[in-house]
>>> print(open('data-v3.cif').read())   # mmCIF, C-alpha atoms and all ligand atoms
data_work
loop_
_atom_site.group_PDB
_atom_site.id
_atom_site.type_symbol
_atom_site.label_atom_id
_atom_site.label_comp_id
_atom_site.auth_asym_id
_atom_site.auth_seq_id
_atom_site.Cartn_x
_atom_site.Cartn_y
_atom_site.Cartn_z
ATOM 1 C CA MET U 1 -16.923 -5.789 -21.013
ATOM 2 C CA THR U 2 -13.983 -3.384 -20.764
ATOM 3 C CA LYS U 3 -11.314 -4.241 -18.249
ATOM 4 C CA ARG U 4 -11.605 -2.833 -14.764
ATOM 5 C CA VAL U 5 -8.898 -0.284 -14.024
ATOM 6 C CA ALA U 6 -6.641 -0.812 -11.005
ATOM 7 C CA LEU U 7 -4.154 1.725 -9.657
ATOM 8 C CA VAL U 8 -1.469 0.509 -7.260
ATOM 9 C CA THR U 9 0.447 3.278 -5.501
ATOM 10 C CA GLY U 10 4.063 2.393 -4.814
ATOM 11 C CA GLY U 11 3.454 -0.023 -7.661
ATOM 12 C CA THR U 12 7.089 -0.367 -8.680
ATOM 13 C CA GLY U 13 8.279 -1.305 -5.174
ATOM 14 C CA GLY U 14 8.713 -4.694 -3.520
ATOM 15 C CA ILE U 15 5.147 -5.559 -2.541
ATOM 16 C CA GLY U 16 3.725 -3.227 -5.204
ATOM 17 C CA THR U 17 5.325 -5.113 -8.085
ATOM 18 C CA SER U 18 3.817 -8.357 -6.930
ATOM 19 C CA ILE U 19 0.391 -6.759 -6.519
ATOM 20 C CA CYS U 20 0.589 -5.286 -10.031
ATOM 21 C CA LYS U 21 1.476 -8.639 -11.576
ATOM 22 C CA GLN U 22 -1.235 -10.485 -9.686
ATOM 23 C CA LEU U 23 -3.924 -7.978 -10.679
ATOM 24 C CA ALA U 24 -2.713 -8.092 -14.293
ATOM 25 C CA ASP U 25 -2.955 -11.904 -14.153
ATOM 26 C CA ASP U 26 -6.485 -11.451 -12.831
ATOM 27 C CA GLY U 27 -7.373 -9.555 -16.005
ATOM 28 C CA TYR U 28 -7.450 -5.948 -14.815
ATOM 29 C CA GLN U 29 -5.903 -2.975 -16.587
ATOM 30 C CA VAL U 30 -3.236 -2.228 -14.012
ATOM 31 C CA ILE U 31 -1.374 1.055 -13.621
ATOM 32 C CA ALA U 32 1.640 1.288 -11.336
ATOM 33 C CA GLY U 33 1.834 4.604 -9.511
ATOM 34 C CA TYR U 34 5.377 5.705 -8.670
ATOM 35 C CA TYR U 35 7.212 8.627 -7.175
ATOM 36 C CA SER U 36 10.847 7.488 -6.683
ATOM 37 C CA GLY U 37 11.821 11.092 -5.921
ATOM 38 C CA GLY U 38 11.094 11.961 -9.552
ATOM 39 C CA ASN U 39 13.401 9.252 -10.943
ATOM 40 C CA HIS U 40 11.374 8.586 -14.101
ATOM 41 C CA GLU U 41 14.143 6.527 -15.635
ATOM 42 C CA LYS U 42 13.886 3.991 -12.819
ATOM 43 C CA ALA U 43 10.162 3.635 -13.476
ATOM 44 C CA GLN U 44 10.754 3.244 -17.210
ATOM 45 C CA LYS U 45 13.255 0.467 -16.499
ATOM 46 C CA TRP U 46 10.721 -1.223 -14.235
ATOM 47 C CA GLN U 47 8.153 -1.033 -17.022
ATOM 48 C CA GLU U 48 10.629 -2.580 -19.452
ATOM 49 C CA THR U 49 11.398 -5.393 -17.017
ATOM 50 C CA MET U 50 7.688 -6.058 -16.684
ATOM 51 C CA ALA U 51 7.279 -6.053 -20.462
ATOM 52 C CA ALA U 52 10.119 -8.589 -20.772
ATOM 53 C CA GLU U 53 8.160 -10.799 -18.367
ATOM 54 C CA GLY U 54 5.050 -10.412 -20.509
ATOM 55 C CA TYR U 55 3.260 -7.761 -18.450
ATOM 56 C CA ASP U 56 1.888 -4.614 -20.042
ATOM 57 C CA ILE U 57 1.732 -2.323 -17.011
ATOM 58 C CA PRO U 58 1.873 1.446 -17.631
ATOM 59 C CA VAL U 59 3.397 3.656 -14.951
ATOM 60 C CA ALA U 60 1.945 6.923 -13.647
ATOM 61 C CA PHE U 61 3.943 9.526 -11.764
ATOM 62 C CA GLY U 62 2.537 11.072 -8.623
ATOM 63 C CA ASN U 63 3.799 12.378 -5.314
ATOM 64 C CA ILE U 64 1.164 10.958 -2.987
ATOM 65 C CA THR U 65 2.012 13.485 -0.282
ATOM 66 C CA GLU U 66 0.815 16.342 -2.497
ATOM 67 C CA TRP U 67 -2.835 16.924 -3.314
ATOM 68 C CA GLU U 68 -2.163 18.540 -6.710
ATOM 69 C CA SER U 69 0.209 15.797 -7.755
ATOM 70 C CA CYS U 70 -2.365 13.130 -6.839
ATOM 71 C CA GLU U 71 -4.943 15.073 -8.822
ATOM 72 C CA SER U 72 -2.864 15.194 -11.996
ATOM 73 C CA CYS U 73 -1.946 11.516 -11.621
ATOM 74 C CA ILE U 74 -5.604 10.489 -11.328
ATOM 75 C CA GLU U 75 -6.679 12.840 -14.128
ATOM 76 C CA GLY U 76 -4.083 11.351 -16.485
ATOM 77 C CA ILE U 77 -5.245 7.820 -15.737
ATOM 78 C CA ARG U 78 -8.889 8.794 -16.166
ATOM 79 C CA ARG U 79 -8.092 10.336 -19.537
ATOM 80 C CA ASP U 80 -6.019 7.400 -20.799
ATOM 81 C CA PHE U 81 -7.804 4.419 -19.287
ATOM 82 C CA GLY U 82 -11.082 5.565 -17.718
ATOM 83 C CA SER U 83 -12.016 5.947 -14.082
ATOM 84 C CA ILE U 84 -10.328 3.844 -11.430
ATOM 85 C CA ASP U 85 -12.288 0.835 -10.167
ATOM 86 C CA ILE U 86 -9.684 -0.573 -7.792
ATOM 87 C CA LEU U 87 -7.346 1.570 -5.747
ATOM 88 C CA VAL U 88 -4.566 -0.107 -3.804
ATOM 89 C CA ASN U 89 -3.020 2.369 -1.377
ATOM 90 C CA ASN U 90 0.319 0.631 -1.078
ATOM 91 C CA GLY U 91 2.911 3.436 -1.209
ATOM 92 C CA GLY U 92 4.682 4.044 2.069
ATOM 93 C CA ILE U 93 7.961 4.731 3.851
ATOM 94 C CA THR U 94 9.660 4.119 7.179
ATOM 95 C CA ARG U 95 11.816 6.556 9.150
ATOM 96 C CA ASP U 96 12.581 4.443 12.203
ATOM 97 C CA SER U 97 13.781 6.057 15.390
ATOM 98 C CA THR U 98 12.989 5.851 19.062
ATOM 99 C CA LEU U 99 10.659 8.653 20.093
ATOM 100 C CA ARG U 100 13.254 10.408 22.197
ATOM 101 C CA LYS U 101 15.405 10.892 19.083
ATOM 102 C CA MET U 102 12.671 11.304 16.459
ATOM 103 C CA ASN U 103 12.720 14.667 14.715
ATOM 104 C CA LYS U 104 9.811 16.548 13.202
ATOM 105 C CA ASP U 105 10.622 15.496 9.639
ATOM 106 C CA GLN U 106 10.666 11.815 10.549
ATOM 107 C CA TRP U 107 7.189 12.214 12.020
ATOM 108 C CA VAL U 108 5.680 14.417 9.310
ATOM 109 C CA ASP U 109 7.157 12.502 6.373
ATOM 110 C CA VAL U 110 5.771 9.180 7.578
ATOM 111 C CA ILE U 111 2.338 10.547 8.497
ATOM 112 C CA ASN U 112 2.041 12.331 5.139
ATOM 113 C CA THR U 113 3.292 9.461 3.019
ATOM 114 C CA ASP U 114 1.617 6.584 4.828
ATOM 115 C CA LEU U 115 -1.640 8.135 6.025
ATOM 116 C CA THR U 116 -2.519 11.519 4.515
ATOM 117 C CA SER U 117 -1.871 10.069 1.052
ATOM 118 C CA VAL U 118 -4.570 7.488 1.685
ATOM 119 C CA PHE U 119 -7.072 10.284 2.222
ATOM 120 C CA TYR U 120 -5.894 12.161 -0.878
ATOM 121 C CA MET U 121 -5.994 9.202 -3.235
ATOM 122 C CA THR U 122 -9.216 7.732 -1.902
ATOM 123 C CA ARG U 123 -10.950 11.102 -1.939
ATOM 124 C CA MET U 124 -10.025 11.530 -5.587
ATOM 125 C CA VAL U 125 -11.401 8.208 -6.800
ATOM 126 C CA VAL U 126 -14.356 7.604 -4.513
ATOM 127 C CA ASN U 127 -16.942 9.708 -6.357
ATOM 128 C CA ASP U 128 -16.332 7.888 -9.635
ATOM 129 C CA MET U 129 -16.736 4.591 -7.801
ATOM 130 C CA LEU U 130 -19.982 5.718 -6.170
ATOM 131 C CA THR U 131 -21.358 6.902 -9.506
ATOM 132 C CA LYS U 132 -20.457 3.604 -11.127
ATOM 133 C CA GLY U 133 -21.790 1.519 -8.235
ATOM 134 C CA PHE U 134 -18.571 -0.470 -7.973
ATOM 135 C CA GLY U 135 -15.258 0.105 -6.286
ATOM 136 C CA ARG U 136 -12.537 -1.574 -4.280
ATOM 137 C CA ILE U 137 -10.272 0.401 -1.988
ATOM 138 C CA ILE U 138 -7.536 -1.710 -0.472
ATOM 139 C CA ASN U 139 -5.210 -0.129 2.051
ATOM 140 C CA ILE U 140 -1.894 -1.781 2.775
ATOM 141 C CA SER U 141 -1.230 -1.242 6.462
ATOM 142 C CA SER U 142 1.133 -3.247 8.694
ATOM 143 C CA VAL U 143 1.347 -5.645 11.603
ATOM 144 C CA ASN U 144 3.080 -2.750 13.334
ATOM 145 C CA GLY U 145 -0.099 -0.688 13.069
ATOM 146 C CA GLU U 146 -1.861 -3.488 14.950
ATOM 147 C CA LYS U 147 0.677 -4.209 17.675
ATOM 148 C CA GLY U 148 2.976 -1.150 17.735
ATOM 149 C CA GLN U 149 6.721 -1.495 17.165
ATOM 150 C CA PHE U 150 9.716 -0.266 19.130
ATOM 151 C CA GLY U 151 11.268 2.512 17.040
ATOM 152 C CA GLN U 152 8.176 3.168 14.945
ATOM 153 C CA ALA U 153 5.913 5.622 16.794
ATOM 154 C CA ASN U 154 5.418 7.456 13.482
ATOM 155 C CA TYR U 155 4.836 4.394 11.307
ATOM 156 C CA SER U 156 2.686 2.548 13.859
ATOM 157 C CA ALA U 157 0.510 5.650 14.278
ATOM 158 C CA ALA U 158 0.095 6.084 10.509
ATOM 159 C CA LYS U 159 -0.669 2.429 9.879
ATOM 160 C CA ALA U 160 -3.123 2.249 12.797
ATOM 161 C CA GLY U 161 -4.731 5.432 11.442
ATOM 162 C CA MET U 162 -5.341 3.613 8.204
ATOM 163 C CA HIS U 163 -7.543 1.122 10.060
ATOM 164 C CA GLY U 164 -9.728 3.917 11.446
ATOM 165 C CA PHE U 165 -9.971 5.554 8.022
ATOM 166 C CA THR U 166 -10.938 2.222 6.444
ATOM 167 C CA LYS U 167 -13.721 1.574 8.931
ATOM 168 C CA ALA U 168 -15.175 5.081 8.671
ATOM 169 C CA VAL U 169 -15.172 5.251 4.871
ATOM 170 C CA ALA U 170 -16.425 1.681 4.539
ATOM 171 C CA GLN U 171 -19.611 2.741 6.324
ATOM 172 C CA GLU U 172 -20.090 5.754 4.074
ATOM 173 C CA VAL U 173 -19.844 3.866 0.779
ATOM 174 C CA ALA U 174 -21.141 0.378 1.614
ATOM 175 C CA SER U 175 -24.592 0.830 0.092
ATOM 176 C CA LYS U 176 -23.128 1.832 -3.292
ATOM 177 C CA GLY U 177 -21.093 -1.256 -4.145
ATOM 178 C CA VAL U 178 -17.799 0.133 -2.888
ATOM 179 C CA THR U 179 -15.774 -1.821 -0.345
ATOM 180 C CA VAL U 180 -12.906 -0.486 1.739
ATOM 181 C CA ASN U 181 -10.554 -2.876 3.476
ATOM 182 C CA THR U 182 -7.147 -3.007 5.075
ATOM 183 C CA ILE U 183 -4.480 -5.651 4.755
ATOM 184 C CA SER U 184 -1.866 -5.800 7.489
ATOM 185 C CA PRO U 185 1.266 -7.492 6.212
ATOM 186 C CA GLY U 186 3.853 -8.770 8.628
ATOM 187 C CA TYR U 187 7.545 -8.580 7.802
ATOM 188 C CA ILE U 188 7.840 -9.145 4.066
ATOM 189 C CA ALA U 189 11.251 -9.771 2.499
ATOM 190 C CA THR U 190 11.673 -6.468 0.648
ATOM 191 C CA ALA U 191 14.211 -3.619 0.680
ATOM 192 C CA MET U 192 12.244 -1.978 3.506
ATOM 193 C CA ILE U 193 13.057 -4.649 6.040
ATOM 194 C CA MET U 194 16.650 -4.891 4.840
ATOM 195 C CA GLU U 195 17.053 -1.431 6.391
ATOM 196 C CA VAL U 196 16.499 -2.986 9.812
ATOM 197 C CA PRO U 197 19.857 -3.907 11.377
ATOM 198 C CA GLU U 198 20.653 -7.602 10.799
ATOM 199 C CA GLU U 199 20.709 -8.542 14.458
ATOM 200 C CA ILE U 200 17.254 -7.033 15.039
ATOM 201 C CA ARG U 201 15.989 -8.649 11.841
ATOM 202 C CA ASP U 202 17.107 -12.079 13.035
ATOM 203 C CA THR U 203 15.305 -11.598 16.328
ATOM 204 C CA ILE U 204 12.146 -10.592 14.469
ATOM 205 C CA ARG U 205 12.348 -13.638 12.177
ATOM 206 C CA LYS U 206 12.642 -15.941 15.189
ATOM 207 C CA GLY U 207 9.371 -14.473 16.470
ATOM 208 C CA ILE U 208 7.440 -15.454 13.339
ATOM 209 C CA PRO U 209 5.749 -18.831 13.949
ATOM 210 C CA VAL U 210 5.837 -19.936 10.293
ATOM 211 C CA GLY U 211 9.617 -19.479 10.486
ATOM 212 C CA ARG U 212 10.200 -17.098 7.607
ATOM 213 C CA PHE U 213 9.608 -13.587 6.396
ATOM 214 C CA GLY U 214 6.662 -13.193 4.075
ATOM 215 C CA LYS U 215 6.918 -13.022 0.300
ATOM 216 C CA PRO U 216 5.347 -10.138 -1.660
ATOM 217 C CA GLU U 217 3.100 -12.773 -3.274
ATOM 218 C CA ASP U 218 1.666 -13.572 0.166
ATOM 219 C CA ILE U 219 0.173 -10.083 0.182
ATOM 220 C CA ALA U 220 -0.731 -9.918 -3.511
ATOM 221 C CA ARG U 221 -3.042 -12.914 -3.182
ATOM 222 C CA VAL U 222 -5.018 -11.151 -0.435
ATOM 223 C CA VAL U 223 -5.325 -8.053 -2.634
ATOM 224 C CA SER U 224 -6.561 -10.244 -5.467
ATOM 225 C CA PHE U 225 -9.170 -11.787 -3.193
ATOM 226 C CA LEU U 226 -10.464 -8.435 -1.922
ATOM 227 C CA ALA U 227 -10.512 -6.892 -5.403
ATOM 228 C CA HIS U 228 -12.719 -9.654 -6.763
ATOM 229 C CA GLU U 229 -16.276 -8.845 -7.771
ATOM 230 C CA ASP U 230 -17.536 -11.596 -5.449
ATOM 231 C CA SER U 231 -15.826 -10.156 -2.361
ATOM 232 C CA SER U 232 -18.633 -7.621 -2.063
ATOM 233 C CA PHE U 233 -19.705 -8.638 1.461
ATOM 234 C CA ILE U 234 -16.275 -7.945 2.951
ATOM 235 C CA THR U 235 -15.904 -4.318 3.932
ATOM 236 C CA GLY U 236 -14.351 -2.399 6.806
ATOM 237 C CA ALA U 237 -12.250 -5.481 7.492
ATOM 238 C CA ASN U 238 -8.605 -5.846 8.333
ATOM 239 C CA ILE U 239 -6.926 -8.989 7.072
ATOM 240 C CA SER U 240 -3.655 -9.889 8.762
ATOM 241 C CA ALA U 241 -1.007 -11.752 6.774
ATOM 242 C CA ASN U 242 1.941 -12.015 9.116
ATOM 243 C CA GLY U 243 2.979 -15.650 9.456
ATOM 244 C CA GLY U 244 1.397 -15.777 12.906
ATOM 245 C CA GLN U 245 3.657 -13.048 14.320
ATOM 246 C CA HIS U 246 0.672 -11.272 15.856
ATOM 247 C CA MET U 247 -2.670 -12.894 16.572
ATOM 248 C CA HIS U 248 -5.556 -10.952 17.998
HETATM 249 N N1 LIG A 1 12.388 -3.642 22.886
HETATM 250 C C1 LIG A 1 12.949 -3.075 23.961
HETATM 251 N N2 LIG A 1 14.130 -2.439 23.957
HETATM 252 C C2 LIG A 1 14.768 -2.385 22.801
HETATM 253 C C3 LIG A 1 14.269 -2.957 21.633
HETATM 254 C C4 LIG A 1 13.009 -3.596 21.690
HETATM 255 N N3 LIG A 1 12.445 -4.171 20.621
HETATM 256 N N4 LIG A 1 15.123 -2.716 20.629
HETATM 257 C C5 LIG A 1 16.155 -2.018 21.154
HETATM 258 N N5 LIG A 1 15.944 -1.839 22.477
HETATM 259 C C6 LIG A 1 16.800 -1.144 23.415
HETATM 260 C C7 LIG A 1 18.282 -1.453 23.195
HETATM 261 O O1 LIG A 1 18.637 -2.623 23.868
HETATM 262 C C8 LIG A 1 18.941 -0.226 23.800
HETATM 263 O O2 LIG A 1 18.882 -0.312 25.190
HETATM 264 P P1 LIG A 1 20.008 0.364 26.121
HETATM 265 O O3 LIG A 1 19.980 1.830 25.825
HETATM 266 O O4 LIG A 1 19.570 0.012 27.505
HETATM 267 O O5 LIG A 1 21.290 -0.292 25.703
HETATM 268 C C9 LIG A 1 17.997 0.876 23.390
HETATM 269 O O6 LIG A 1 16.696 0.274 23.168
HETATM 270 C C10 LIG A 1 18.433 1.530 22.088
HETATM 271 O O7 LIG A 1 17.738 2.712 21.969
HETATM 272 P P2 LIG A 1 18.149 3.800 20.894
HETATM 273 O O8 LIG A 1 17.170 4.918 20.919
HETATM 274 O O9 LIG A 1 19.594 4.156 21.078
HETATM 275 O O10 LIG A 1 17.946 2.956 19.579
HETATM 276 P P3 LIG A 1 18.860 2.854 18.298
HETATM 277 O O11 LIG A 1 19.036 4.212 17.761
HETATM 278 O O12 LIG A 1 20.028 2.007 18.552
HETATM 279 O O13 LIG A 1 17.908 2.016 17.284
HETATM 280 C C11 LIG A 1 15.925 1.624 16.010
HETATM 281 C C12 LIG A 1 16.508 2.238 17.266
HETATM 282 C C13 LIG A 1 16.519 2.304 14.768
HETATM 283 C C14 LIG A 1 14.452 1.892 16.003
HETATM 284 C C15 LIG A 1 16.235 0.122 15.977
HETATM 285 O O14 LIG A 1 15.841 -0.431 17.206
HETATM 286 C C16 LIG A 1 15.492 -0.569 14.865
HETATM 287 O O15 LIG A 1 15.813 -0.471 13.687
HETATM 288 N N6 LIG A 1 14.447 -1.354 15.215
HETATM 289 C C17 LIG A 1 13.637 -2.106 14.261
HETATM 290 C C18 LIG A 1 12.410 -1.355 13.943
HETATM 291 C C19 LIG A 1 11.561 -2.173 13.003
HETATM 292 O O16 LIG A 1 11.175 -3.298 13.291
HETATM 293 N N7 LIG A 1 11.226 -1.600 11.848
HETATM 294 C C20 LIG A 1 10.432 -2.304 10.891
HETATM 295 C C21 LIG A 1 10.826 -1.876 9.513
HETATM 296 S S1 LIG A 1 10.022 -2.849 8.254
HETATM 297 C C22 LIG A 1 8.481 -2.274 8.264
HETATM 298 O O17 LIG A 1 8.104 -1.379 8.940
HETATM 299 C C23 LIG A 1 7.524 -2.990 7.348
HETATM 300 C C24 LIG A 1 6.376 -3.501 8.105
HETATM 301 O O18 LIG A 1 5.294 -2.990 7.926
HETATM 302 C C25 LIG A 1 6.532 -4.647 9.008
#
>>> encode(input="data-v3.cif", output="structure tokens", more="lines below")
Ligand code: CAA
Amino acid sequence: MTKRVALVTGGTGGIGTSICKQLADDGYQVIAGYYSGGNHEKAQKWQETMAAEGYDIPVAFGNITEWESCESCIEGIRRDFGSIDILVNNGGITRDSTLRKMNKDQWVDVINTDLTSVFYMTRMVVNDMLTKGFGRIINISSVNGEKGQFGQANYSAAKAGMHGFTKAVAQEVASKGVTVNTISPGYIATAMIMEVPEEIRDTIRKGIPVGRFGKPEDIARVVSFLAHEDSSFITGANISANGGQHMH
């Protein structure tokens, strides 16, 4: 049997890298989607680093906030590797600010990158999945979409929106072997949380019952579980992985 094809958006980032490696270890043909503001060299270097570690993971350029760019990214993958069986919508950004100071760009950029992109990418792969009778759509949301976060009206709204999207689409595709789920990571030790001022970061860490920030691998193992052929009865779910920071 040919390998299933998995696309991870934001695949060269902190959590994305770990997801790519895990899915490659699981035996899928993994492709790392990247944007990096068009910095192709950075992506090439990432690919070389992966190769040095024994991972053959091609990269595919795409600006997930633009429909046409998503289209050409997906088309290229379809041409080179076949249709996508597993889509991990992982790419995202933060533009933290209290609402009273938040400008229009901070709102629009986060909604487009973290939520509208999920519609674009999912819309572009879902028909192939339905035709094939198999598909896994895994949306990487956030604990802050579940509980809200001071300074993240934009991000919390986008990540909560992902939950609604997941539940709606899951119902539409359930009878055709396609599952749609959300993972809500807590604070994972990546560059994204290093942008949070140290004092605030320390306070957040103290509020995590397991006593540490998460590791990217803590999220990758949940992706691996949901992507598995045998996880076919889990759909429309949201799996929290946050060290106990938020229980509900
Ligand atoms: N709850 C209540 N009040 C708070 C507060 C909180 N959590 N944090 C700050 N405040 C208060 C301050 O004490 C201050 O009060 P006073 O005006 O009375 O002194 C006031 O709010 C500061 O308000 P400002 O609008 O001036 O805020 P700022 O510009 O100094 O900073 C911020 C705002 C940039 C959002 C900063 O609070 C911050 O970085 N917060 C962290 C946000 C965060 O957790 N981001 C997560 C990033 S990682 C990620 O998102 C990944 C993931 O999925 C988990």
>>> atom_distance(input="data-v3.cif", atom1="CA of His40 in chain U", atom2="CA of Pro58 in chain U")
12.4 Å
>>> residues_around(input="data-v3.cif", residues="Trp107 in chain U", least_positions_apart="2", cutoff="10 Å", atoms="only C-alpha atoms", output="ChimeraX atom specification")
/U:94-97,99,102-105,109-112,152-155,157-158
>>> atom_distance(input="data-v3.cif", atom1="CA of Gly11 in chain U", atom2="atom C17 of ligand LIG 1 (chain A)")
24.3 Å
>>> residues_near_ligand(input="data-v3.cif", ligand="ligand LIG 1 (chain A)", cutoff="6 Å", atoms="all atoms listed in the file", output="list in words")
Thr94, Asp96, Ser97, Thr98, Ser142, Val143, Asn144, Phe150, Gly151, Gly186, Tyr187, Met192, Ile193, Val196 and Pro197 of chain U
>>> closest_residue(input="data-v3.cif", among="U:Arg4, U:Val178, U:Gln22, U:Gly62", to="Ser232 in chain U", atoms="only C-alpha atoms")
U:Val178
>>> resolve_selection(input="data-v3.cif", expression="the PyMOL selection byres (((chain U and resi 25) around 12) and not hetatm)", output="PyMOL selection string")
chain U and resi 18-24+26-30+53-57+220-221+224
>>> residues_near_point(input="data-v3.cif", point="(-10.6, 3.9, -21.6)", cutoff="10 Å", atoms="all atoms listed in the file", output="VMD selection string")
chain U and resid 2 to 5 29 77 to 83
>>> write_last_selection(input="data-v3.cif", atoms="C-alpha atoms", output="PDB file, in the coordinates of the input")
ATOM      1  CA  THR U   2     -13.983  -3.384 -20.764  1.00  0.00           C
ATOM      2  CA  LYS U   3     -11.314  -4.241 -18.249  1.00  0.00           C
ATOM      3  CA  ARG U   4     -11.605  -2.833 -14.764  1.00  0.00           C
ATOM      4  CA  VAL U   5      -8.898  -0.284 -14.024  1.00  0.00           C
ATOM      5  CA  GLN U  29      -5.903  -2.975 -16.587  1.00  0.00           C
ATOM      6  CA  ILE U  77      -5.245   7.820 -15.737  1.00  0.00           C
ATOM      7  CA  ARG U  78      -8.889   8.794 -16.166  1.00  0.00           C
ATOM      8  CA  ARG U  79      -8.092  10.336 -19.537  1.00  0.00           C
ATOM      9  CA  ASP U  80      -6.019   7.400 -20.799  1.00  0.00           C
ATOM     10  CA  PHE U  81      -7.804   4.419 -19.287  1.00  0.00           C
ATOM     11  CA  GLY U  82     -11.082   5.565 -17.718  1.00  0.00           C
ATOM     12  CA  SER U  83     -12.016   5.947 -14.082  1.00  0.00           C
TER      13      SER U  83
END
>>> atom_distance(input="data-v3.cif", atom1="CA of Ala237 in chain U", atom2="CA of Pro185 in chain U")
13.7 Å
>>> resolve_selection(input="data-v3.cif", expression="the PyMOL selection byres (((chain U and resi 184) around 8) and not hetatm)", output="list in words")
Ile140, Ser141, Ser142, Val143, Gly145, Glu146, Thr182, Ile183, Pro185, Gly186, Asn238, Ile239, Ser240, Ala241 and Asn242 of chain U
>>> resolve_selection(input="data-v3.cif", expression="the PyMOL selection byres (((chain U and resi 64) around 9) and not hetatm)", output="list in words")
Thr9, Tyr34, Tyr35, Gly62, Asn63, Thr65, Glu66, Trp67, Ser69, Cys70, Gly91, Asn112, Thr113, Asp114, Thr116, Ser117, Val118, Tyr120 and Met121 of chain U
>>> closest_residue(input="data-v3.cif", among="U:Val223, U:Thr131, U:Leu7, U:Thr122", to="Gly76 in chain U", atoms="all atoms listed in the file")
U:Leu7
>>> residues_around(input="data-v3.cif", residues="Lys167 in chain U", least_positions_apart="4", cutoff="10 Å", atoms="all atoms listed in the file", output="NGL selection string")
:U and (162-163 or 171-172 or 180-182 or 235-238)
>>> residues_around(input="data-v3.cif", residues="Asp128 in chain U", least_positions_apart="5", cutoff="9 Å", atoms="all atoms listed in the file", output="count of residues only")
6
>>> closest_residue(input="data-v3.cif", among="U:Ile208, U:Ile86, U:Ala168, U:Val126", to="Glu229 in chain U", atoms="all atoms listed in the file")
U:Ile86
>>> closest_residue(input="data-v3.cif", among="U:Gly243, U:Gly148, U:Gly164, U:Gly92", to="Ile219 in chain U", atoms="all atoms listed in the file")
U:Gly243
>>> build_atoms(input="data-v3.cif", residues="range 6-20 of chain U", atoms="N, CA and C atoms", output="short mmCIF file (atom, residue, chain, number, x, y, z; two decimals), in the coordinates of the input")
data_model
loop_
_atom_site.label_atom_id
_atom_site.label_comp_id
_atom_site.auth_asym_id
_atom_site.auth_seq_id
_atom_site.Cartn_x
_atom_site.Cartn_y
_atom_site.Cartn_z
N ALA U 6 -7.20 -0.74 -12.37
CA ALA U 6 -6.64 -0.81 -11.00
C ALA U 6 -5.39 0.05 -10.92
N LEU U 7 -5.35 0.92 -9.92
CA LEU U 7 -4.15 1.72 -9.66
C LEU U 7 -3.51 1.24 -8.36
N VAL U 8 -2.23 0.94 -8.44
CA VAL U 8 -1.47 0.51 -7.26
C VAL U 8 -0.44 1.59 -6.96
N THR U 9 -0.58 2.29 -5.84
CA THR U 9 0.45 3.28 -5.50
C THR U 9 1.67 2.53 -4.98
N GLY U 10 2.84 3.12 -5.16
CA GLY U 10 4.06 2.39 -4.81
C GLY U 10 4.15 1.11 -5.64
N GLY U 11 3.62 1.18 -6.85
CA GLY U 11 3.45 -0.02 -7.66
C GLY U 11 4.76 -0.63 -8.16
N THR U 12 5.82 0.17 -8.17
CA THR U 12 7.09 -0.37 -8.68
C THR U 12 7.99 -0.88 -7.55
N GLY U 13 7.48 -0.84 -6.32
CA GLY U 13 8.28 -1.30 -5.17
C GLY U 13 8.15 -2.81 -4.95
N GLY U 14 8.66 -3.26 -3.82
CA GLY U 14 8.71 -4.69 -3.52
C GLY U 14 7.35 -5.37 -3.51
N ILE U 15 6.48 -4.96 -2.60
CA ILE U 15 5.15 -5.56 -2.54
C ILE U 15 4.32 -5.08 -3.73
N GLY U 16 4.51 -3.81 -4.11
CA GLY U 16 3.72 -3.23 -5.20
C GLY U 16 3.87 -3.99 -6.51
N THR U 17 5.08 -4.38 -6.83
CA THR U 17 5.32 -5.11 -8.09
C THR U 17 4.52 -6.40 -8.11
N SER U 18 4.54 -7.09 -7.00
CA SER U 18 3.82 -8.36 -6.93
C SER U 18 2.30 -8.14 -7.05
N ILE U 19 1.82 -7.08 -6.42
CA ILE U 19 0.39 -6.76 -6.52
C ILE U 19 0.03 -6.44 -7.97
N CYS U 20 0.86 -5.64 -8.62
CA CYS U 20 0.59 -5.29 -10.03
C CYS U 20 0.50 -6.53 -10.90
#
